[in-house]
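J.: Questions regarding the structure given below will be posed in turn.
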Amino acid sequence: MVVIVGVGALGIGVVAGSGGGQAERNTAVRFAALWARDDYRGMYALLDEHARRTISETAFEAAYRASETTATAISLRVGTAGKTRDHVVAIPTVVRTRVFGTVRRPLDVPLVTDGNDVHVAWTRALLFPGLRGSETLGRDTTMPSRGTLLARGGEVLASGPDRHSDIPDVSAQIVGGVAPIPADQLAAMRAFGYPDNAMIGSSGLERVFQQQLAGTPGGRLLAGSRVLAETQPRAAAGPITTTIDPAIERSATAQMGSHYGGIAAIVPSTGEILALAGVAFSGLQPPGSTFKIITATGALEQGVARLDSQYPVESQALLSGVPLQNANGEQCGGSLVQSFADSCNSVFGPIGARLGARALLDVAQRYGFNTPLGIPGAATSTIPPASLTDDLALGSSAIGQGEVQATALQMAIVAATIAEGGKRPVPTLQLGVTPRFVRVTSRRVAHEVSEMMDAVVKEGTGAAAQISGVDVAGKTGTAELRSTVPPPDGDDDNSDNSDSSSEDDVPDTDAWFVGYAPEQTAKVTVGVMFSEAGAGGDVAAPAAREVLVTGLQQPLDQKPRGGVGTAPASDASAPENTNAAG
């Protein structure tokens, strides 16, 4: 039997009986066994001529898939065939379903013999075990009460039908909402037993934890008016305790102000997401020079650069015959550390070109680019392989321009990877989950990049992120949406983005900052992106500082209280929602 939305079928037990009517029993058992293997074509080939005139193969398969969706079927097991009675073989079957439990009913297979050939005299009663005559399979289902969402410390974020919260200012930012099932998800949700009028999580935490909050539908599986199976709705096992820290969420929300963008805060040692403000995990923008963390990692790994490598002080570098300029035409260079602290495009563009497409792509993907985060609603940060065509494209990508796109959450994870000695934490929104990591680079390389990030805040472009008495490591980013270099005299069109706004009061850059504190034993990592807001060091770094200060004041090592402390399994069968949270 087909397994709805990706759950694999279980084993099939087939034992044919002995005695008279062996050929008929064998045909009946084969028909049922083919059904258990999802082999609709094989089933259709066993039908008699009359049946094949009444239903096409396409309609035949669609009818079986529809019945399995109605029953929320997972698997079918076939037992020992009984004796043939009036050319009908009764085959015991066991159908395991998501909603209605295990259904044990006989499948009565009628057969016709034409010479030595035996065929199935198919009728619609064979669409599900237990159907009789002209009965059709149906159901009525209801949903249990929606589960409760808790903040990190046990505060109620959303509860009951009205989704009441103890801290509405926080819940308004992060909980999201519920909405009717979108049309393109109806089929998948029906397969899970949801009635068509059900409300599901459409954004925020409601979407992330949809399956757990919704519980399991209950109801009746019907053969016409007869009840084949019946279950009660089952509510969620208990409240879901999230990783969201109300104080840090409030801080991040306050720092957003009127900006469009996002702020994400995480615990680097666990991957726990402490705060998501704005479009922190759904809004993609060029990450600008924060991407130099990735470029530096690759360069140090490949021996393309060392911390003491020296570079000329310049305002631009020539790549593929085209000048790649520093922000505002500034001149910088010196050691690799100083060039990183000053965010020199004229140094890191050529480093990216020397690193090459394969190595740059490889290191970016190890950091998580081009791979979904595994959180419903989270956008995938990307570096398109096809865009790395020449030195200019490589150089532009190496400084977070070109076609590179990232979210604030993704870049916070990049910084957290350095904080964790080269191990990338897998992000989670559920408290108490066993931390998982992906090795990105060596501890040595991570330590060297951390030194460079320390210099950014101590003496470079990220000085506005300094916290008294605490070492902060970070990286600014100022992603150009239009050229920031003044045009030559008489040249009024120096834009590198013809679709961009030309209004004088709209800044030409996205402002970024990513970092963590304390530098040696990181407790909190933050990623900030403000679209069209100016320079990262001027705008994003001060906002990141405030979120870090709040994070450092919070007790982030508590265990879950009053909620479920196990992770939602990565379930390929889970229906995928479409509305991005944020």
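Order determines the names: the first chain of the structure tokens is A, the second B, and so forth; residues in each chain are numbered 1 upward, and ligands are numbered 1 upward as they are shown.
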What lies within 7 Å of A:Val440 using only C-alpha atoms, ignoring chain neighbours under 2 positions off, as an NGL selection string?
T.: :A and (366-367 or 422-424 or 438)
J.: Can I get the selected residues back with N, CA and C atoms, as a CSV table (one decimal), in the first residue's frame?
T.:
chain,number,residue,atom,x,y,z
A,366,ARG,N,30.1,24.2,3.6
A,366,ARG,CA,30.4,23.6,4.9
A,366,ARG,C,29.8,24.4,6.0
A,367,TYR,N,29.8,25.8,5.8
A,367,TYR,CA,29.2,26.7,6.8
A,367,TYR,C,27.6,26.6,6.7
A,422,GLY,N,35.3,25.8,15.2
A,422,GLY,CA,35.2,25.2,13.8
A,422,GLY,C,34.0,24.3,13.7
A,423,LYS,N,33.2,24.1,14.8
A,423,LYS,CA,32.0,23.2,14.7
A,423,LYS,C,30.8,24.1,14.5
A,424,ARG,N,30.0,23.8,13.5
A,424,ARG,CA,28.8,24.5,13.2
A,424,ARG,C,27.6,23.9,14.0
A,438,VAL,N,28.3,20.2,13.1
A,438,VAL,CA,28.9,19.7,11.8
A,438,VAL,C,30.3,20.3,11.8
J.: At most 8 Å is the cut-off: for each residue in stretch 210-305 of chain A with any atom that close to an atom of stretch 150-171 of chain A, write down the nearest atom pair and the distance in Å rounded to one decimal, counting only C-alpha atoms, chain first then increasing number, as a Markdown table.
T.:
| residue | atom | partner | partner_atom | distance |
| --- | --- | --- | --- | --- |
| A:Pro239 | CA | A:Leu150 | CA | 6.7 |
| A:Ile240 | CA | A:Leu150 | CA | 5.9 |
| A:Thr241 | CA | A:Leu150 | CA | 4.6 |
| A:Thr242 | CA | A:Ala151 | CA | 5.3 |
| A:Thr243 | CA | A:Arg152 | CA | 4.9 |
| A:Ile244 | CA | A:Arg152 | CA | 5.3 |
| A:Asp245 | CA | A:Arg152 | CA | 5.4 |
| A:Pro246 | CA | A:Val170 | CA | 6.2 |
| A:Glu249 | CA | A:Val170 | CA | 6.6 |
| A:Arg250 | CA | A:Val170 | CA | 6.4 |
J.: Within 7 Å of A:Thr407, counting only C-alpha atoms, which residues qualify if same-chain residues fewer than 3 places away don't, as a ChimeraX atom specification?
T.: /A:280-285,381,410-411
J.: So how many Å separate atom CA of A:Ile294 and atom CA of A:Asn370, to one decimal?
T.: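 According to the coordinates, atom CA of A:Ile294 and atom CA of A:Asn370 are separated by 13.9 Å.
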J.: Determine, counting only C-alpha atoms, which protein, DNA and RNA residues have an atom within 6 Å of an atom of stretch 543-550 of chain A; residues of the same chain fewer than 3 positions away are not included. Present the result as a list in words.
T.: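 The filter keeps Ile248, Ser251, Ala252, Gln255, Ala465, Ala540 and Gln553 of chain A.
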